[in-house]
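Colleague: Handing you this structure, nothing more for now.
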Amino acid sequence: VMDTTEGLGLLHGDLHHENILYSDEHGWMAIDPKGVIGDPYFDLVSFLINHVHSKPNPREILKCRVDTLSEGLALNRNRLLKASIAMATLYACWGIEDKSDWEATYQCVTWLIEFLRE
């Protein structure tokens with residue numbers, strides 16, 4: 001149960017949909033790890049917000065992802081939301097630096113803040 005993990009741990013560092021694969025031989029696996037140290041909750045943020053804007057009702061999809069991961073992995077929902085707000089804000093800043101679409105990422109930040117206040 002990830003919620004009992006306090007402090008730092010070894011993280012994948014780039015855990016998102018394209019880096020999670022399935023094969024009959026090996027089952028589910030995460031590829032292309034970055035191998036960073038941090039709070040385990042931070043490793044889930046890319047997975048939460050990745051491709052959310054390509055779906056109908058992106059706000060509801062994001063909320064469903066937060067709720068599903070929180071419940072399915074026995075995570076502290078507020079801690080996951082706080083980690084997500086921090087990382088998604090960083091992703092939006094990187095988007096500004098790269099002159100890419102940062103607004104959609106920042107929209108996720110505003111939704112995550114709303115979920116935290118619920």
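Here's how to read the names in the structure tokens: chain A, B, ... by the order shown, residue numbers from 1 in each chain, ligand numbers from 1 in the order shown.
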With a distance cut-off of 12 Å and only C-alpha atoms, select the neighbouring residues of Gly9 in chain A, excluding the residue or stretch itself and same-chain residues fewer than 2 positions from it, and output the selection as a ChimeraX atom specification.

Modeller: /A:2,5-7,11-13,35-43

Colleague: Within chain A, find each residue whose DSSP state, derived from the backbone, is strand (DSSP E), and express the selection as a VMD selection string.

Modeller: chain A and resid 9 to 11 20 to 23 27 to 30 36 to 38

Colleague: For N, CA, C and O atoms, I'd like the residues from the last selection saved as a PDB file, in the first residue's frame.

Modeller:
```pdb
ATOM      1  N   GLY A   9      11.544   7.558  -2.337  1.00  0.00           N
ATOM      2  CA  GLY A   9      11.651   6.221  -2.898  1.00  0.00           C
ATOM      3  C   GLY A   9      12.153   6.318  -4.323  1.00  0.00           C
ATOM      4  O   GLY A   9      12.221   7.402  -4.908  1.00  0.00           O
ATOM      5  N   LEU A  10      12.522   5.191  -4.887  1.00  0.00           N
ATOM      6  CA  LEU A  10      12.955   5.141  -6.282  1.00  0.00           C
ATOM      7  C   LEU A  10      11.714   5.176  -7.169  1.00  0.00           C
ATOM      8  O   LEU A  10      10.808   4.361  -7.013  1.00  0.00           O
ATOM      9  N   LEU A  11      11.668   6.128  -8.088  1.00  0.00           N
ATOM     10  CA  LEU A  11      10.527   6.318  -8.967  1.00  0.00           C
ATOM     11  C   LEU A  11      10.880   5.969 -10.402  1.00  0.00           C
ATOM     12  O   LEU A  11      12.040   6.041 -10.800  1.00  0.00           O
ATOM     13  N   ILE A  20       3.714   2.081 -20.461  1.00  0.00           N
ATOM     14  CA  ILE A  20       3.181   0.892 -19.807  1.00  0.00           C
ATOM     15  C   ILE A  20       2.719  -0.051 -20.917  1.00  0.00           C
ATOM     16  O   ILE A  20       1.819   0.274 -21.689  1.00  0.00           O
ATOM     17  N   LEU A  21       3.369  -1.205 -21.007  1.00  0.00           N
ATOM     18  CA  LEU A  21       3.111  -2.149 -22.088  1.00  0.00           C
ATOM     19  C   LEU A  21       2.725  -3.512 -21.532  1.00  0.00           C
ATOM     20  O   LEU A  21       3.051  -3.846 -20.396  1.00  0.00           O
ATOM     21  N   TYR A  22       2.072  -4.294 -22.363  1.00  0.00           N
ATOM     22  CA  TYR A  22       1.713  -5.651 -21.994  1.00  0.00           C
ATOM     23  C   TYR A  22       2.206  -6.612 -23.069  1.00  0.00           C
ATOM     24  O   TYR A  22       2.068  -6.351 -24.257  1.00  0.00           O
ATOM     25  N   SER A  23       2.777  -7.734 -22.631  1.00  0.00           N
ATOM     26  CA  SER A  23       3.126  -8.805 -23.560  1.00  0.00           C
ATOM     27  C   SER A  23       2.720 -10.124 -22.927  1.00  0.00           C
ATOM     28  O   SER A  23       2.694 -10.257 -21.701  1.00  0.00           O
ATOM     29  N   GLY A  27       3.913 -10.062 -19.315  1.00  0.00           N
ATOM     30  CA  GLY A  27       2.824  -9.398 -18.600  1.00  0.00           C
ATOM     31  C   GLY A  27       2.963  -7.883 -18.693  1.00  0.00           C
ATOM     32  O   GLY A  27       3.526  -7.349 -19.653  1.00  0.00           O
ATOM     33  N   TRP A  28       2.457  -7.178 -17.696  1.00  0.00           N
ATOM     34  CA  TRP A  28       2.529  -5.709 -17.670  1.00  0.00           C
ATOM     35  C   TRP A  28       3.920  -5.265 -17.261  1.00  0.00           C
ATOM     36  O   TRP A  28       4.519  -5.822 -16.338  1.00  0.00           O
ATOM     37  N   MET A  29       4.433  -4.262 -17.928  1.00  0.00           N
ATOM     38  CA  MET A  29       5.741  -3.709 -17.568  1.00  0.00           C
ATOM     39  C   MET A  29       5.807  -2.240 -17.923  1.00  0.00           C
ATOM     40  O   MET A  29       5.138  -1.764 -18.844  1.00  0.00           O
ATOM     41  N   ALA A  30       6.597  -1.535 -17.136  1.00  0.00           N
ATOM     42  CA  ALA A  30       6.862  -0.120 -17.390  1.00  0.00           C
ATOM     43  C   ALA A  30       8.225  -0.025 -18.059  1.00  0.00           C
ATOM     44  O   ALA A  30       9.197  -0.614 -17.583  1.00  0.00           O
ATOM     45  N   VAL A  36      14.491   8.276 -10.845  1.00  0.00           N
ATOM     46  CA  VAL A  36      14.652   9.440  -9.979  1.00  0.00           C
ATOM     47  C   VAL A  36      14.190   9.091  -8.570  1.00  0.00           C
ATOM     48  O   VAL A  36      13.510   8.100  -8.347  1.00  0.00           O
ATOM     49  N   ILE A  37      14.581   9.917  -7.624  1.00  0.00           N
ATOM     50  CA  ILE A  37      14.211   9.743  -6.225  1.00  0.00           C
ATOM     51  C   ILE A  37      13.137  10.775  -5.888  1.00  0.00           C
ATOM     52  O   ILE A  37      13.241  11.932  -6.282  1.00  0.00           O
ATOM     53  N   GLY A  38      12.101  10.346  -5.163  1.00  0.00           N
ATOM     54  CA  GLY A  38      11.065  11.281  -4.750  1.00  0.00           C
ATOM     55  C   GLY A  38       9.929  10.584  -4.041  1.00  0.00           C
ATOM     56  O   GLY A  38       9.972   9.389  -3.768  1.00  0.00           O
TER      57      GLY A  38
END
```

Colleague: If we count only C-alpha atoms, what is near Tyr106 in chain A at a cut-off of 10 Å, once residues fewer than 2 positions away on the same chain are taken out, given as a list in words?

Modeller: Ile85, Ala88, Thr89, Leu90, Tyr91, Ala92, Cys93, Gly95, Asp101, Trp102, Glu103, Ala104, Cys108, Val109, Thr110, Trp111 and Leu112 of chain A

Colleague: Can I get the selected residues back with C-alpha atoms, as an mmCIF file, in the first residue's frame?

Modeller:
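See out_28.cif below for the written result:
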```
data_model
loop_
_atom_site.group_PDB
_atom_site.id
_atom_site.type_symbol
_atom_site.label_atom_id
_atom_site.label_comp_id
_atom_site.auth_asym_id
_atom_site.auth_seq_id
_atom_site.Cartn_x
_atom_site.Cartn_y
_atom_site.Cartn_z
ATOM 1 C CA ILE A 85 -1.080 20.000 -8.431
ATOM 2 C CA ALA A 88 1.130 19.512 -13.235
ATOM 3 C CA THR A 89 2.138 23.101 -12.451
ATOM 4 C CA LEU A 90 5.735 22.151 -13.243
ATOM 5 C CA TYR A 91 4.581 20.517 -16.510
ATOM 6 C CA ALA A 92 2.741 23.727 -17.429
ATOM 7 C CA CYS A 93 5.908 25.739 -16.746
ATOM 8 C CA GLY A 95 5.224 23.948 -21.636
ATOM 9 C CA ASP A 101 0.398 23.993 -25.243
ATOM 10 C CA TRP A 102 0.712 24.771 -21.549
ATOM 11 C CA GLU A 103 -2.854 26.040 -21.132
ATOM 12 C CA ALA A 104 -4.411 22.562 -21.282
ATOM 13 C CA CYS A 108 -5.775 20.258 -15.196
ATOM 14 C CA VAL A 109 -4.169 22.133 -12.293
ATOM 15 C CA THR A 110 -7.318 24.201 -11.787
ATOM 16 C CA TRP A 111 -9.472 21.058 -11.830
ATOM 17 C CA LEU A 112 -7.169 19.291 -9.380
#
```

Colleague: For Arg117 in chain A, which of A:His16, A:Arg77, A:Thr105, A:Ile96 is the closest residue, counting only C-alpha atoms?

Modeller: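 The shortest atom-to-atom distance to Arg117 in chain A comes from A:Arg77.
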
Colleague: For CA of Leu69 in chain A and CA of Ile49 in chain A, determine how far apart the two atoms are, in Å to one decimal place.

Modeller: 12.5 Å

Colleague: In Å, how far is it from CA of Arg79 in chain A to CA of Asp98 in chain A?

Modeller: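 Rounded to one decimal, the two atoms are 28.6 Å apart.
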
Colleague: Pick from A:Lys82, A:Lys63, A:Lys99, A:His51: nearest to Glu18 in chain A, with only C-alpha atoms counted?

Modeller: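 Using only C-alpha atoms, Glu18 in chain A sits closest to A:His51.
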
Colleague: Any idea what the distance is between CA of Leu62 in chain A and CA of Gln107 in chain A?

Modeller: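 If I compute the distance from CA of Leu62 in chain A to CA of Gln107 in chain A, I get 10.9 Å.
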
Colleague: Considering only C-alpha atoms, state which residue in the set A:Ile113, A:Arg65, A:Ser54, A:Glu60 is at the smallest distance from Leu81 in chain A.

Modeller: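 Once distances to Leu81 in chain A are computed over only C-alpha atoms, the minimum belongs to A:Ile113.
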
Colleague: Identify, with DSSP run on backbone atoms, the residues in chain A assigned to helix (DSSP H, G or I), and express the list as a count of residues only.

Modeller: 70

Colleague: Find the residue from A:Leu8, A:Leu15, A:Cys64, A:Leu44 that sits nearest to Ala83 in chain A; use only C-alpha atoms when measuring.

Modeller: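 Answer, going by the shortest atom-to-atom distance: A:Leu44.
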